[in-house]
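The structure file upload_2.cif is reproduced below (mmCIF, C-alpha atoms and all ligand atoms).
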data_model
#
loop_
_atom_site.label_atom_id
_atom_site.label_comp_id
_atom_site.auth_asym_id
_atom_site.auth_seq_id
_atom_site.Cartn_x
_atom_site.Cartn_y
_atom_site.Cartn_z
CA MET A 1 -10.19 6.06 63.21
CA PRO A 2 -9.44 8.76 60.61
CA SER A 3 -6.66 6.52 59.28
CA THR A 4 -9.13 3.59 58.85
CA LYS A 5 -11.43 5.99 57.00
CA LEU A 6 -8.53 7.13 54.86
CA ILE A 7 -7.55 3.55 54.06
CA SER A 8 -11.11 2.69 53.05
CA THR A 9 -11.39 5.84 50.88
CA VAL A 10 -8.10 4.98 49.14
CA LYS A 11 -9.30 1.40 48.68
CA ASN A 12 -12.56 2.61 47.13
CA LEU A 13 -10.71 5.00 44.87
CA LEU A 14 -8.38 2.23 43.74
CA LEU A 15 -11.31 -0.09 43.09
CA ALA A 16 -13.10 2.64 41.12
CA THR A 17 -9.94 3.29 39.05
CA VAL A 18 -9.51 -0.40 38.31
CA PHE A 19 -13.19 -0.60 37.34
CA ILE A 20 -12.92 2.43 34.98
CA LEU A 21 -9.71 1.09 33.41
CA LEU A 22 -11.18 -2.36 32.91
CA SER A 23 -14.41 -1.08 31.43
CA SER A 24 -12.63 1.29 29.06
CA PHE A 25 -10.39 -1.59 28.01
CA ILE A 26 -13.47 -3.71 27.35
CA ILE A 27 -15.10 -0.84 25.42
CA ILE A 28 -11.95 -0.29 23.32
CA LYS A 29 -11.61 -4.02 22.67
CA HIS A 30 -15.26 -4.24 21.78
CA LYS A 31 -15.08 -1.24 19.46
CA ASP A 32 -11.96 -2.53 17.72
CA THR A 33 -13.27 -6.04 17.31
CA SER A 34 -16.46 -4.63 15.90
CA ILE A 35 -14.52 -2.72 13.21
CA ILE A 36 -12.61 -5.82 12.14
CA ASN A 37 -15.68 -8.05 12.20
CA ARG A 38 -17.77 -5.53 10.37
CA VAL A 39 -15.25 -5.03 7.57
CA PHE A 40 -14.63 -8.73 7.06
CA ASP A 41 -18.39 -9.43 7.16
CA THR A 42 -18.76 -6.79 4.47
CA ALA A 43 -15.86 -8.32 2.51
CA VAL A 44 -17.54 -11.74 2.57
CA LYS A 45 -20.75 -10.22 1.17
CA GLN A 46 -19.07 -7.98 -1.38
CA TYR A 47 -16.60 -10.55 -2.66
CA THR A 48 -19.28 -13.24 -2.91
CA GLY A 49 -20.97 -10.86 -5.36
CA MET A 50 -17.66 -10.19 -7.12
CA LEU A 51 -17.00 -13.90 -7.61
CA GLU A 52 -20.45 -14.25 -9.14
CA GLU A 53 -19.94 -11.35 -11.54
CA ALA A 54 -16.23 -11.79 -12.40
CA LYS A 55 -15.98 -15.36 -13.62
CA ASP A 56 -13.37 -15.01 -16.36
CA LEU A 57 -10.06 -15.84 -14.70
CA SER A 58 -8.06 -13.82 -17.21
CA TYR A 59 -9.86 -10.63 -16.40
CA TYR A 60 -9.02 -9.16 -12.97
CA PRO A 61 -11.37 -6.91 -10.95
CA ARG A 62 -9.72 -3.52 -10.66
CA SER A 63 -12.11 -0.60 -10.32
CA THR A 64 -15.23 1.14 -11.68
CA ASP A 65 -15.30 2.35 -15.30
CA GLU A 66 -16.64 5.62 -16.77
CA ASN A 67 -20.13 4.10 -17.00
CA GLY A 68 -20.15 3.06 -13.39
CA LYS A 69 -19.67 -0.64 -14.23
CA LEU A 70 -17.09 -3.08 -12.86
CA LYS A 71 -13.73 -2.52 -14.56
CA GLN A 72 -11.57 -5.61 -15.13
CA VAL A 73 -8.10 -5.77 -16.63
CA GLY A 74 -5.85 -8.33 -18.35
CA ILE A 75 -2.94 -10.31 -16.95
CA ASN A 76 -0.29 -7.71 -17.83
CA ASP A 77 -1.91 -5.02 -15.68
CA TRP A 78 0.01 -4.14 -12.51
CA THR A 79 -3.05 -4.64 -10.29
CA GLY A 80 -3.80 -8.31 -11.08
CA GLY A 81 -2.40 -9.69 -7.81
CA PHE A 82 -4.58 -7.63 -5.49
CA TRP A 83 -7.82 -9.52 -6.14
CA PRO A 84 -6.40 -12.95 -5.28
CA GLY A 85 -4.49 -11.25 -2.44
CA SER A 86 -7.71 -9.82 -1.01
CA LEU A 87 -9.30 -13.26 -1.24
CA TRP A 88 -6.34 -14.68 0.71
CA TYR A 89 -6.87 -12.14 3.47
CA VAL A 90 -10.56 -13.07 3.68
CA TYR A 91 -9.48 -16.70 3.93
CA GLU A 92 -6.93 -15.83 6.61
CA TYR A 93 -9.65 -14.18 8.67
CA THR A 94 -12.51 -16.64 8.11
CA GLN A 95 -10.50 -19.87 7.72
CA ASP A 96 -13.32 -20.94 5.41
CA ASP A 97 -12.27 -23.32 2.63
CA PHE A 98 -14.53 -21.55 0.13
CA TRP A 99 -12.24 -18.49 0.27
CA LYS A 100 -9.12 -20.63 0.04
CA GLN A 101 -10.38 -22.32 -3.13
CA SER A 102 -11.41 -18.97 -4.63
CA ALA A 103 -8.03 -17.43 -3.78
CA LEU A 104 -6.17 -20.44 -5.20
CA LYS A 105 -8.10 -20.33 -8.45
CA TRP A 106 -7.38 -16.65 -9.01
CA THR A 107 -3.76 -16.94 -7.88
CA LYS A 108 -3.01 -19.78 -10.27
CA SER A 109 -4.47 -17.79 -13.14
CA LEU A 110 -1.45 -15.45 -12.80
CA GLU A 111 1.15 -18.19 -13.23
CA LYS A 112 2.55 -17.07 -16.59
CA ASN A 113 3.30 -13.63 -15.17
CA GLN A 114 6.41 -15.17 -13.59
CA TYR A 115 8.06 -14.59 -17.00
CA ASN A 116 6.73 -11.06 -17.42
CA ASN A 117 9.60 -8.61 -17.64
CA THR A 118 7.78 -5.80 -19.42
CA HIS A 119 7.53 -3.60 -16.30
CA HIS A 120 8.58 -3.52 -12.65
CA ASP A 121 5.34 -4.55 -10.98
CA LEU A 122 6.15 -8.23 -10.46
CA GLY A 123 6.16 -7.75 -6.70
CA PHE A 124 2.61 -6.40 -6.65
CA MET A 125 1.39 -9.00 -9.13
CA MET A 126 3.08 -12.09 -7.75
CA TYR A 127 3.92 -11.48 -4.10
CA CYS A 128 0.41 -10.30 -3.16
CA SER A 129 -1.03 -13.42 -4.81
CA TYR A 130 1.53 -16.27 -4.71
CA GLY A 131 3.34 -14.83 -1.67
CA ASN A 132 0.16 -14.99 0.39
CA ALA A 133 -0.68 -18.39 -1.11
CA LEU A 134 2.66 -19.81 0.07
CA ARG A 135 2.39 -18.15 3.49
CA LEU A 136 -1.11 -19.47 4.14
CA THR A 137 -0.97 -22.93 2.53
CA LYS A 138 2.76 -23.77 2.94
CA ASP A 139 2.50 -25.43 -0.49
CA SER A 140 6.13 -25.34 -1.66
CA THR A 141 5.18 -25.61 -5.34
CA PHE A 142 4.48 -21.86 -5.21
CA SER A 143 8.08 -21.11 -4.31
CA PRO A 144 9.73 -21.64 -7.76
CA ILE A 145 7.07 -19.43 -9.33
CA LEU A 146 7.97 -16.63 -6.94
CA ILE A 147 11.68 -17.16 -7.56
CA GLN A 148 11.19 -17.01 -11.34
CA SER A 149 9.17 -13.80 -10.81
CA ALA A 150 12.11 -12.35 -8.88
CA LYS A 151 14.43 -13.35 -11.76
CA SER A 152 12.19 -11.53 -14.22
CA LEU A 153 12.17 -8.46 -11.98
CA ILE A 154 15.96 -8.27 -11.61
CA SER A 155 16.38 -8.53 -15.38
CA ARG A 156 15.38 -4.84 -15.31
CA TYR A 157 18.24 -3.88 -12.96
CA SER A 158 21.02 -1.63 -14.18
CA PRO A 159 24.36 -1.80 -12.30
CA GLN A 160 25.19 1.68 -13.63
CA VAL A 161 22.02 3.26 -12.27
CA LYS A 162 21.87 0.87 -9.30
CA SER A 163 18.11 0.70 -9.78
CA ILE A 164 15.44 -1.47 -11.32
CA LYS A 165 13.87 0.29 -14.31
CA SER A 166 10.15 0.79 -13.61
CA TRP A 167 8.92 1.34 -17.12
CA ASP A 168 10.46 1.08 -20.57
CA GLU A 169 11.14 4.31 -22.43
CA ARG A 170 8.07 6.53 -22.39
CA LYS A 171 6.88 10.03 -23.06
CA SER A 172 5.28 12.34 -20.51
CA TYR A 173 1.52 12.83 -20.85
CA ASN A 174 2.06 16.24 -22.46
CA LYS A 175 4.58 14.60 -24.89
CA LYS A 176 7.21 17.21 -23.96
CA HIS A 177 9.61 14.78 -22.29
CA THR A 178 11.00 11.38 -23.14
CA TRP A 179 12.22 9.26 -20.25
CA LYS A 180 14.56 6.42 -21.09
CA PHE A 181 15.17 5.01 -17.61
CA PRO A 182 12.24 6.05 -15.40
CA VAL A 183 12.08 4.79 -11.82
CA ILE A 184 9.04 5.52 -9.68
CA ILE A 185 8.84 5.50 -5.90
CA ASP A 186 6.16 2.77 -6.14
CA ASN A 187 8.98 0.42 -7.10
CA MET A 188 9.99 0.21 -3.43
CA MET A 189 6.99 -2.11 -3.08
CA ASN A 190 8.46 -4.73 -5.41
CA LEU A 191 11.56 -5.30 -3.28
CA GLU A 192 9.84 -7.64 -0.80
CA LEU A 193 9.71 -10.29 -3.53
CA LEU A 194 13.49 -10.03 -3.95
CA PHE A 195 14.20 -10.47 -0.24
CA PHE A 196 11.91 -13.49 -0.29
CA ALA A 197 13.84 -15.00 -3.23
CA SER A 198 17.19 -14.66 -1.47
CA ASN A 199 15.79 -16.04 1.77
CA GLN A 200 14.51 -19.08 -0.14
CA THR A 201 17.43 -19.75 -2.45
CA LYS A 202 20.25 -18.46 -0.20
CA ASP A 203 21.51 -16.69 -3.33
CA PRO A 204 22.23 -13.07 -2.30
CA VAL A 205 21.80 -11.67 -5.82
CA TYR A 206 18.14 -10.64 -5.32
CA ARG A 207 18.72 -9.13 -1.91
CA ASP A 208 21.81 -7.20 -3.05
CA ILE A 209 19.83 -5.66 -5.88
CA ALA A 210 16.96 -4.78 -3.54
CA ILE A 211 19.38 -3.02 -1.18
CA LYS A 212 21.13 -1.14 -4.00
CA HIS A 213 17.75 -0.05 -5.37
CA ALA A 214 16.61 1.15 -1.93
CA GLU A 215 19.85 3.08 -1.40
CA THR A 216 19.48 4.80 -4.76
CA ALA A 217 15.85 5.64 -3.98
CA MET A 218 16.87 7.03 -0.60
CA ARG A 219 19.43 9.26 -2.31
CA ASN A 220 17.31 10.50 -5.19
CA HIS A 221 13.58 10.11 -4.49
CA VAL A 222 13.63 11.30 -0.88
CA ARG A 223 13.81 15.08 -0.61
CA PRO A 224 15.69 16.82 2.23
CA ASP A 225 12.39 17.41 4.08
CA TYR A 226 11.48 13.70 3.67
CA SER A 227 8.72 14.24 1.15
CA SER A 228 9.30 12.38 -2.13
CA PHE A 229 9.68 12.73 -5.86
CA HIS A 230 7.44 10.38 -7.76
CA MET A 231 9.73 9.67 -10.70
CA ILE A 232 13.45 9.93 -11.36
CA ASN A 233 14.72 9.56 -14.89
CA TYR A 234 18.34 8.38 -15.16
CA ASP A 235 21.07 8.31 -17.75
CA GLU A 236 21.49 4.58 -18.16
CA ARG A 237 25.14 4.86 -19.20
CA THR A 238 26.33 6.94 -16.25
CA GLY A 239 23.62 6.61 -13.60
CA GLU A 240 23.27 10.40 -13.52
CA VAL A 241 19.89 11.84 -12.51
CA LEU A 242 18.41 13.59 -15.57
CA ASP A 243 14.93 14.54 -14.33
CA ARG A 244 12.95 14.68 -11.12
CA LYS A 245 9.31 14.53 -12.20
CA THR A 246 5.84 13.44 -11.31
CA VAL A 247 3.57 11.25 -13.37
CA GLN A 248 0.60 10.82 -11.06
CA GLY A 249 1.07 13.74 -8.68
CA PHE A 250 0.01 17.37 -9.03
CA SER A 251 3.43 18.79 -9.91
CA ASP A 252 7.06 17.75 -9.86
CA ASN A 253 7.67 19.37 -6.45
CA SER A 254 4.37 18.36 -4.83
CA LEU A 255 3.61 15.49 -2.46
CA TRP A 256 1.59 12.77 -4.15
CA ALA A 257 -0.14 11.05 -1.22
CA ARG A 258 0.03 7.47 -2.46
CA GLY A 259 3.68 7.82 -3.48
CA GLN A 260 4.61 8.79 0.08
CA ALA A 261 2.62 5.82 1.40
CA TRP A 262 4.43 3.44 -0.97
CA ALA A 263 7.74 4.84 0.26
CA VAL A 264 6.96 4.44 3.96
CA TYR A 265 5.76 0.89 3.36
CA GLY A 266 8.75 0.00 1.15
CA PHE A 267 11.48 1.41 3.41
CA THR A 268 9.85 -0.35 6.37
CA VAL A 269 10.11 -3.67 4.52
CA VAL A 270 13.75 -2.98 3.63
CA TYR A 271 14.49 -2.26 7.30
CA ARG A 272 12.72 -5.49 8.32
CA GLU A 273 14.95 -7.46 5.97
CA THR A 274 18.26 -5.68 6.57
CA LYS A 275 18.02 -4.18 10.08
CA ASP A 276 19.98 -1.27 8.58
CA GLU A 277 19.02 1.80 10.63
CA ARG A 278 19.24 4.14 7.63
CA PHE A 279 16.11 2.56 6.20
CA LEU A 280 14.27 2.73 9.51
CA VAL A 281 15.07 6.41 9.94
CA THR A 282 13.98 7.09 6.35
CA ALA A 283 10.67 5.28 6.86
CA GLN A 284 10.04 7.10 10.14
CA LYS A 285 10.91 10.57 8.85
CA MET A 286 8.79 10.04 5.75
CA ALA A 287 5.90 8.87 7.93
CA ASP A 288 6.38 11.90 10.18
CA PHE A 289 6.40 14.28 7.23
CA TYR A 290 3.04 12.90 6.14
CA LEU A 291 1.46 12.63 9.60
CA ASN A 292 2.67 16.00 10.92
CA ASN A 293 1.64 17.79 7.75
CA PRO A 294 -0.97 20.46 8.51
CA LYS A 295 -2.64 19.54 5.21
CA LEU A 296 -3.48 16.02 6.40
CA PRO A 297 -7.18 16.21 7.32
CA GLN A 298 -8.35 15.32 10.85
CA ASP A 299 -9.92 12.08 9.62
CA LYS A 300 -6.47 11.08 8.24
CA ILE A 301 -7.65 10.43 4.70
CA PRO A 302 -5.32 12.57 2.56
CA PHE A 303 -6.20 14.64 -0.45
CA TRP A 304 -4.87 12.79 -3.49
CA ASP A 305 -1.97 15.26 -3.54
CA PHE A 306 -1.03 17.46 -0.57
CA ASN A 307 -0.36 20.52 -2.77
CA THR A 308 -3.21 20.55 -5.30
CA GLY A 309 -3.74 24.03 -6.71
CA GLU A 310 -1.21 25.69 -4.40
CA LYS A 311 0.97 28.62 -5.33
CA GLY A 312 4.46 27.45 -6.30
CA TYR A 313 3.21 24.12 -7.63
CA VAL A 314 2.85 24.11 -11.40
CA PRO A 315 1.05 21.17 -13.02
CA GLU A 316 2.15 19.95 -16.46
CA TRP A 317 -1.33 18.61 -17.26
CA ASP A 318 -4.66 20.27 -17.95
CA TYR A 319 -5.64 20.98 -14.38
CA ASP A 320 -9.10 22.50 -14.01
CA PRO A 321 -9.69 23.50 -10.37
CA ASN A 322 -13.45 23.33 -10.89
CA GLN A 323 -13.57 19.88 -12.43
CA TYR A 324 -13.45 17.96 -9.17
CA GLN A 325 -14.82 19.81 -6.18
CA PRO A 326 -14.14 19.32 -3.35
CA THR A 327 -10.59 18.14 -3.99
CA PRO A 328 -10.79 14.32 -4.03
CA LYS A 329 -9.34 12.32 -1.18
CA ASP A 330 -7.51 9.06 -1.75
CA ALA A 331 -8.67 6.20 0.46
CA SER A 332 -6.04 3.91 -1.07
CA ALA A 333 -3.18 6.09 0.23
CA SER A 334 -4.67 5.90 3.69
CA ALA A 335 -5.08 2.12 3.58
CA ILE A 336 -1.46 1.65 2.43
CA MET A 337 -0.17 4.09 5.05
CA ALA A 338 -2.20 2.42 7.83
CA SER A 339 -0.75 -0.96 6.95
CA ALA A 340 2.79 0.46 6.74
CA LEU A 341 2.47 2.23 10.11
CA LEU A 342 1.24 -0.94 11.80
CA GLU A 343 4.49 -2.63 10.85
CA LEU A 344 6.70 0.44 11.36
CA CYS A 345 5.37 0.91 14.91
CA THR A 346 6.75 -2.50 15.88
CA TYR A 347 10.31 -1.34 15.10
CA SER A 348 9.96 2.07 16.75
CA ASN A 349 10.63 3.41 20.25
CA GLN A 350 7.71 3.74 22.70
CA LYS A 351 6.84 7.29 21.71
CA LEU A 352 6.81 6.68 17.96
CA LYS A 353 5.22 3.29 18.43
CA ALA A 354 2.22 4.88 20.19
CA LYS A 355 2.06 7.66 17.60
CA TYR A 356 2.10 5.33 14.56
CA PHE A 357 -0.34 2.89 16.13
CA ASN A 358 -2.81 5.62 17.12
CA GLU A 359 -2.66 7.32 13.74
CA ALA A 360 -3.20 4.01 11.95
CA GLU A 361 -6.13 3.29 14.25
CA ILE A 362 -7.81 6.57 13.30
CA MET A 363 -7.25 5.78 9.61
CA LEU A 364 -8.87 2.37 10.02
CA GLU A 365 -11.80 3.84 11.96
CA THR A 366 -12.42 6.42 9.25
CA LEU A 367 -12.10 3.88 6.46
CA SER A 368 -14.60 1.65 8.30
CA SER A 369 -17.16 4.44 8.56
CA LYS A 370 -20.15 4.80 6.25
CA LYS A 371 -18.35 7.50 4.32
CA TYR A 372 -15.71 5.08 3.01
CA LEU A 373 -16.93 1.51 3.60
CA ALA A 374 -19.45 0.39 1.00
CA LYS A 375 -22.92 -0.76 1.93
CA PRO A 376 -23.19 -4.44 0.87
CA GLY A 377 -24.60 -4.73 -2.64
CA THR A 378 -23.17 -1.36 -3.79
CA ASN A 379 -19.75 -0.15 -5.04
CA ASN A 380 -19.31 -2.85 -7.73
CA HIS A 381 -18.50 -5.40 -5.00
CA PHE A 382 -15.45 -3.51 -3.70
CA LEU A 383 -15.06 -2.58 -0.05
CA LEU A 384 -13.73 0.95 -0.05
CA LYS A 385 -15.17 3.91 -1.91
CA SER A 386 -13.29 7.04 -2.96
CA SER A 387 -9.79 6.39 -4.19
CA VAL A 388 -7.91 8.31 -6.86
CA GLY A 389 -5.98 6.27 -9.43
CA ASN A 390 -4.49 8.77 -11.83
CA MET A 391 -5.69 12.36 -11.60
CA PRO A 392 -3.53 13.86 -14.38
CA ARG A 393 -5.13 11.36 -16.76
CA LYS A 394 -8.56 11.93 -15.14
CA SER A 395 -8.69 8.20 -14.67
CA GLU A 396 -10.25 6.40 -11.69
CA VAL A 397 -11.16 9.50 -9.70
CA ASN A 398 -13.43 9.05 -6.66
CA VAL A 399 -13.95 5.35 -7.34
CA PRO A 400 -13.20 2.06 -5.59
CA ILE A 401 -9.83 0.50 -6.53
CA ILE A 402 -8.76 -3.03 -5.65
CA TYR A 403 -5.43 -2.08 -4.06
CA ALA A 404 -7.25 0.09 -1.51
CA ASP A 405 -9.22 -3.00 -0.46
CA TYR A 406 -6.09 -5.17 -0.35
CA TYR A 407 -4.07 -2.90 1.94
CA PHE A 408 -7.13 -2.13 4.08
CA LEU A 409 -7.68 -5.85 4.78
CA GLU A 410 -3.95 -6.33 5.37
CA ALA A 411 -3.92 -3.40 7.80
CA LEU A 412 -6.91 -4.81 9.70
CA LEU A 413 -5.20 -8.18 10.07
CA ARG A 414 -2.03 -6.46 11.30
CA TYR A 415 -4.16 -4.42 13.71
CA LYS A 416 -5.92 -7.54 14.99
CA ASN A 417 -2.57 -9.23 15.49
CA LEU A 418 -1.15 -6.30 17.47
CA LYS A 419 -4.29 -6.09 19.61
CA GLU A 420 -4.21 -9.77 20.45
CA ASN A 421 -0.49 -10.15 21.13
N1 LIG B 1 1.80 2.02 -9.06
C1 LIG B 1 0.87 2.92 -9.56
C2 LIG B 1 0.00 3.59 -8.59
O1 LIG B 1 0.21 3.67 -7.42
O2 LIG B 1 -0.99 4.12 -9.06
#

Have the structure of the file written as structure tokens, please.
Amino acid sequence: MPSTKLISTVKNLLLATVFILLSSFIIIKHKDTSIINRVFDTAVKQYTGMLEEAKDLSYYPRSTDENGKLKQVGINDWTGGFWPGSLWYVYEYTQDDFWKQSALKWTKSLEKNQYNNTHHDLGFMMYCSYGNALRLTKDSTFSPILIQSAKSLISRYSPQVKSIKSWDERKSYNKKHTWKFPVIIDNMMNLELLFFASNQTKDPVYRDIAIKHAETAMRNHVRPDYSSFHMINYDERTGEVLDRKTVQGFSDNSLWARGQAWAVYGFTVVYRETKDERFLVTAQKMADFYLNNPKLPQDKIPFWDFNTGEKGYVPEWDYDPNQYQPTPKDASASAIMASALLELCTYSNQKLKAKYFNEAEIMLETLSSKKYLAKPGTNNHFLLKSSVGNMPRKSEVNVPIIYADYYFLEALLRYKNLKEN
């Protein structure tokens, strides 16, 4: 008899456990789905308003200006591809032809940028727009435009430096330095376009340059502790490193949050395309440096720079600790990092996979909260509040910025995909 009792108790316990597991699964699913639905519902409302306000196709929604109005920029600006790209993600989610037509219209407006070789941002401008257009419509007429964009980008490559020059010669903000061959960590993001071009044309030239650039970045931008330098200035004749500086971070030796996010994302892409373990390890260690950093707040939205105002970090710009209080956080860095982690987790072992997925999930939950996600009808039609564009220039501080929206939507689609498969 006692054994029958025991069997029935065990049975009941098992049933109760199954019930608890199932209901928590349903709750988690429900919660997650509600985040994705809510953000895309908000995007539909916000971007409907944006399309009504921003009608000039040569003037791309970017941010909020000093007067609190919508800030739009011309075709040469590095951010032009994010608006059509965001429209593509809304189309991908809704499958509504209205969003496809809107995305197409804005994408096509960028066509002449395929010949733009005045800076390195062709990947951002063309792959976020035309790359998504090709992926979602399969219209092969977009392919030659992307290939020409890749050609323009590699025209900035130096075989001596083994890098693509980010910007033409420029002076530092304080005019004390002149940089003739500056390369910024952000440039890792433009390499995806080059891998695409080689995959399409079967010509390895683009891919070889992307790999050389990534190897040089791994050698010179990545510090021994896996934080990163924002900018390296090279001697174009010899390839020698002349300066290790920051342009948008707090100081040369600090950790600029968005720069680290660009690096994790970029090295993850290079690993995807090469399956070379060195790039995977670099992406993982750089992610770990960021995620394990005691200065990363609990809600996972980083301060714009991890070392603002700290002893041992000397800014070369007119830093006033009282100008922005509390220290601004950068939602864009978090959106980029979340998206990067949701790809990186798929290449990682079980332990790291769980870690990267969970951290990205917290980032997305925070970004979807009232603190960061705009109430429809506010925020100049953007989704996310509170990014920091360029603190040393006091430009775009605590405002919405289109690339935060773009990577947030991308991350949510990656998250949805991982949840469903
Ligand atoms: N590529 C410039 C930035 O991240 O602000």

Find the nearest atom pair between each residue of chain A and ligand LIG 1 (chain B) for residues within 12 Å, count all atoms listed in the file, give distances in Å to one decimal, sort rows by chain and ascending number, and present the table as a Markdown table.
| residue | atom | partner | partner_atom | distance |
| --- | --- | --- | --- | --- |
| A:Arg62 | CA | B:LIG1 | O2 | 11.7 |
| A:Asp77 | CA | B:LIG1 | N1 | 10.4 |
| A:Trp78 | CA | B:LIG1 | N1 | 7.3 |
| A:Thr79 | CA | B:LIG1 | N1 | 8.3 |
| A:Gly80 | CA | B:LIG1 | N1 | 11.9 |
| A:His119 | CA | B:LIG1 | N1 | 10.8 |
| A:His120 | CA | B:LIG1 | N1 | 9.5 |
| A:Asp121 | CA | B:LIG1 | N1 | 7.7 |
| A:Leu122 | CA | B:LIG1 | N1 | 11.2 |
| A:Gly123 | CA | B:LIG1 | N1 | 11.0 |
| A:Phe124 | CA | B:LIG1 | N1 | 8.8 |
| A:Met125 | CA | B:LIG1 | N1 | 11.0 |
| A:Ser166 | CA | B:LIG1 | N1 | 9.6 |
| A:Trp167 | CA | B:LIG1 | N1 | 10.8 |
| A:Val183 | CA | B:LIG1 | N1 | 11.0 |
| A:Ile184 | CA | B:LIG1 | N1 | 8.1 |
| A:Ile185 | CA | B:LIG1 | N1 | 8.5 |
| A:Asp186 | CA | B:LIG1 | N1 | 5.3 |
| A:Asn187 | CA | B:LIG1 | N1 | 7.6 |
| A:Met188 | CA | B:LIG1 | N1 | 10.1 |
| A:Met189 | CA | B:LIG1 | N1 | 8.9 |
| A:Asn190 | CA | B:LIG1 | N1 | 10.2 |
| A:His230 | CA | B:LIG1 | O1 | 9.9 |
| A:Met231 | CA | B:LIG1 | N1 | 11.1 |
| A:Thr246 | CA | B:LIG1 | C1 | 11.8 |
| A:Val247 | CA | B:LIG1 | O2 | 9.5 |
| A:Gln248 | CA | B:LIG1 | O2 | 7.2 |
| A:Gly249 | CA | B:LIG1 | O2 | 9.8 |
| A:Trp256 | CA | B:LIG1 | O1 | 9.8 |
| A:Ala257 | CA | B:LIG1 | O1 | 9.6 |
| A:Arg258 | CA | B:LIG1 | O1 | 6.3 |
| A:Gly259 | CA | B:LIG1 | O1 | 6.7 |
| A:Gln260 | CA | B:LIG1 | O1 | 10.1 |
| A:Ala261 | CA | B:LIG1 | O1 | 9.4 |
| A:Trp262 | CA | B:LIG1 | O1 | 7.7 |
| A:Ala263 | CA | B:LIG1 | O1 | 10.8 |
| A:Trp304 | CA | B:LIG1 | O2 | 11.0 |
| A:Asp330 | CA | B:LIG1 | O2 | 11.0 |
| A:Ser332 | CA | B:LIG1 | O1 | 8.9 |
| A:Ala333 | CA | B:LIG1 | O1 | 8.7 |
| A:Ile336 | CA | B:LIG1 | O1 | 10.2 |
| A:Ser387 | CA | B:LIG1 | O2 | 10.3 |
| A:Val388 | CA | B:LIG1 | O2 | 8.4 |
| A:Gly389 | CA | B:LIG1 | O2 | 5.4 |
| A:Asn390 | CA | B:LIG1 | O2 | 6.4 |
| A:Met391 | CA | B:LIG1 | O2 | 9.8 |
| A:Pro392 | CA | B:LIG1 | O2 | 11.4 |
| A:Arg393 | CA | B:LIG1 | O2 | 11.4 |
| A:Ser395 | CA | B:LIG1 | O2 | 10.4 |
| A:Glu396 | CA | B:LIG1 | O2 | 9.9 |
| A:Val397 | CA | B:LIG1 | O2 | 11.5 |
| A:Ile401 | CA | B:LIG1 | O2 | 9.9 |
| A:Ile402 | CA | B:LIG1 | O2 | 11.1 |
| A:Tyr403 | CA | B:LIG1 | O1 | 8.7 |
| A:Ala404 | CA | B:LIG1 | O1 | 10.2 |

- Message: I want to know what sits within 12 Å of A:Lys371, based on all atoms listed in the file, with residues of the same chain fewer than 6 positions away left out; could you give that as a PyMOL selection string?
- Response: chain A and resi 299+301+329+331+365+383-386

- Point (-1.8, -1.9, 8.6) neighbourhood (10 Å, all atoms listed in the file) written as a PyMOL selection string: chain A and resi 265+334-345+357+360-361+363-364+407-416+418

- Message: as a PyMOL selection string, please: the residues near A:Thr178 (cut-off 12 Å, all atoms listed in the file, same-chain neighbours under 3 positions excluded).
- Response: chain A and resi 167-175+181-182+233-235+242-243+245

Output for the residues just chosen: C-alpha atoms as a short mmCIF file (atom, residue, chain, number, x, y, z; two decimals), in the coordinates of the input:
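Once written, out-v1.cif looks like this:
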data_model
loop_
_atom_site.label_atom_id
_atom_site.label_comp_id
_atom_site.auth_asym_id
_atom_site.auth_seq_id
_atom_site.Cartn_x
_atom_site.Cartn_y
_atom_site.Cartn_z
CA TRP A 167 8.92 1.34 -17.12
CA ASP A 168 10.46 1.08 -20.57
CA GLU A 169 11.14 4.31 -22.43
CA ARG A 170 8.07 6.53 -22.39
CA LYS A 171 6.88 10.03 -23.06
CA SER A 172 5.28 12.34 -20.51
CA TYR A 173 1.52 12.83 -20.85
CA ASN A 174 2.06 16.24 -22.46
CA LYS A 175 4.58 14.60 -24.89
CA PHE A 181 15.17 5.01 -17.61
CA PRO A 182 12.24 6.05 -15.40
CA ASN A 233 14.72 9.56 -14.89
CA TYR A 234 18.34 8.38 -15.16
CA ASP A 235 21.07 8.31 -17.75
CA LEU A 242 18.41 13.59 -15.57
CA ASP A 243 14.93 14.54 -14.33
CA LYS A 245 9.31 14.53 -12.20
#

Contact residues around stretch 208-219 of chain A with all atoms listed in the file at 9 Å, ignoring same-chain residues under 4 positions, as a short mmCIF file (atom, residue, chain, number, x, y, z; two decimals) with C-alpha atoms, keeping the file's coordinate frame:
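Contents of out_35.cif, as written:
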data_model
loop_
_atom_site.label_atom_id
_atom_site.label_comp_id
_atom_site.auth_asym_id
_atom_site.auth_seq_id
_atom_site.Cartn_x
_atom_site.Cartn_y
_atom_site.Cartn_z
CA ILE A 154 15.96 -8.27 -11.61
CA TYR A 157 18.24 -3.88 -12.96
CA PRO A 159 24.36 -1.80 -12.30
CA VAL A 161 22.02 3.26 -12.27
CA LYS A 162 21.87 0.87 -9.30
CA SER A 163 18.11 0.70 -9.78
CA ILE A 164 15.44 -1.47 -11.32
CA VAL A 183 12.08 4.79 -11.82
CA ILE A 184 9.04 5.52 -9.68
CA ILE A 185 8.84 5.50 -5.90
CA ASN A 187 8.98 0.42 -7.10
CA MET A 188 9.99 0.21 -3.43
CA ASN A 190 8.46 -4.73 -5.41
CA LEU A 191 11.56 -5.30 -3.28
CA GLU A 192 9.84 -7.64 -0.80
CA LEU A 194 13.49 -10.03 -3.95
CA PHE A 195 14.20 -10.47 -0.24
CA SER A 198 17.19 -14.66 -1.47
CA PRO A 204 22.23 -13.07 -2.30
CA ARG A 223 13.81 15.08 -0.61
CA ILE A 232 13.45 9.93 -11.36
CA GLY A 266 8.75 0.00 1.15
CA PHE A 267 11.48 1.41 3.41
CA VAL A 270 13.75 -2.98 3.63
CA THR A 274 18.26 -5.68 6.57
CA PHE A 279 16.11 2.56 6.20
CA THR A 282 13.98 7.09 6.35
#
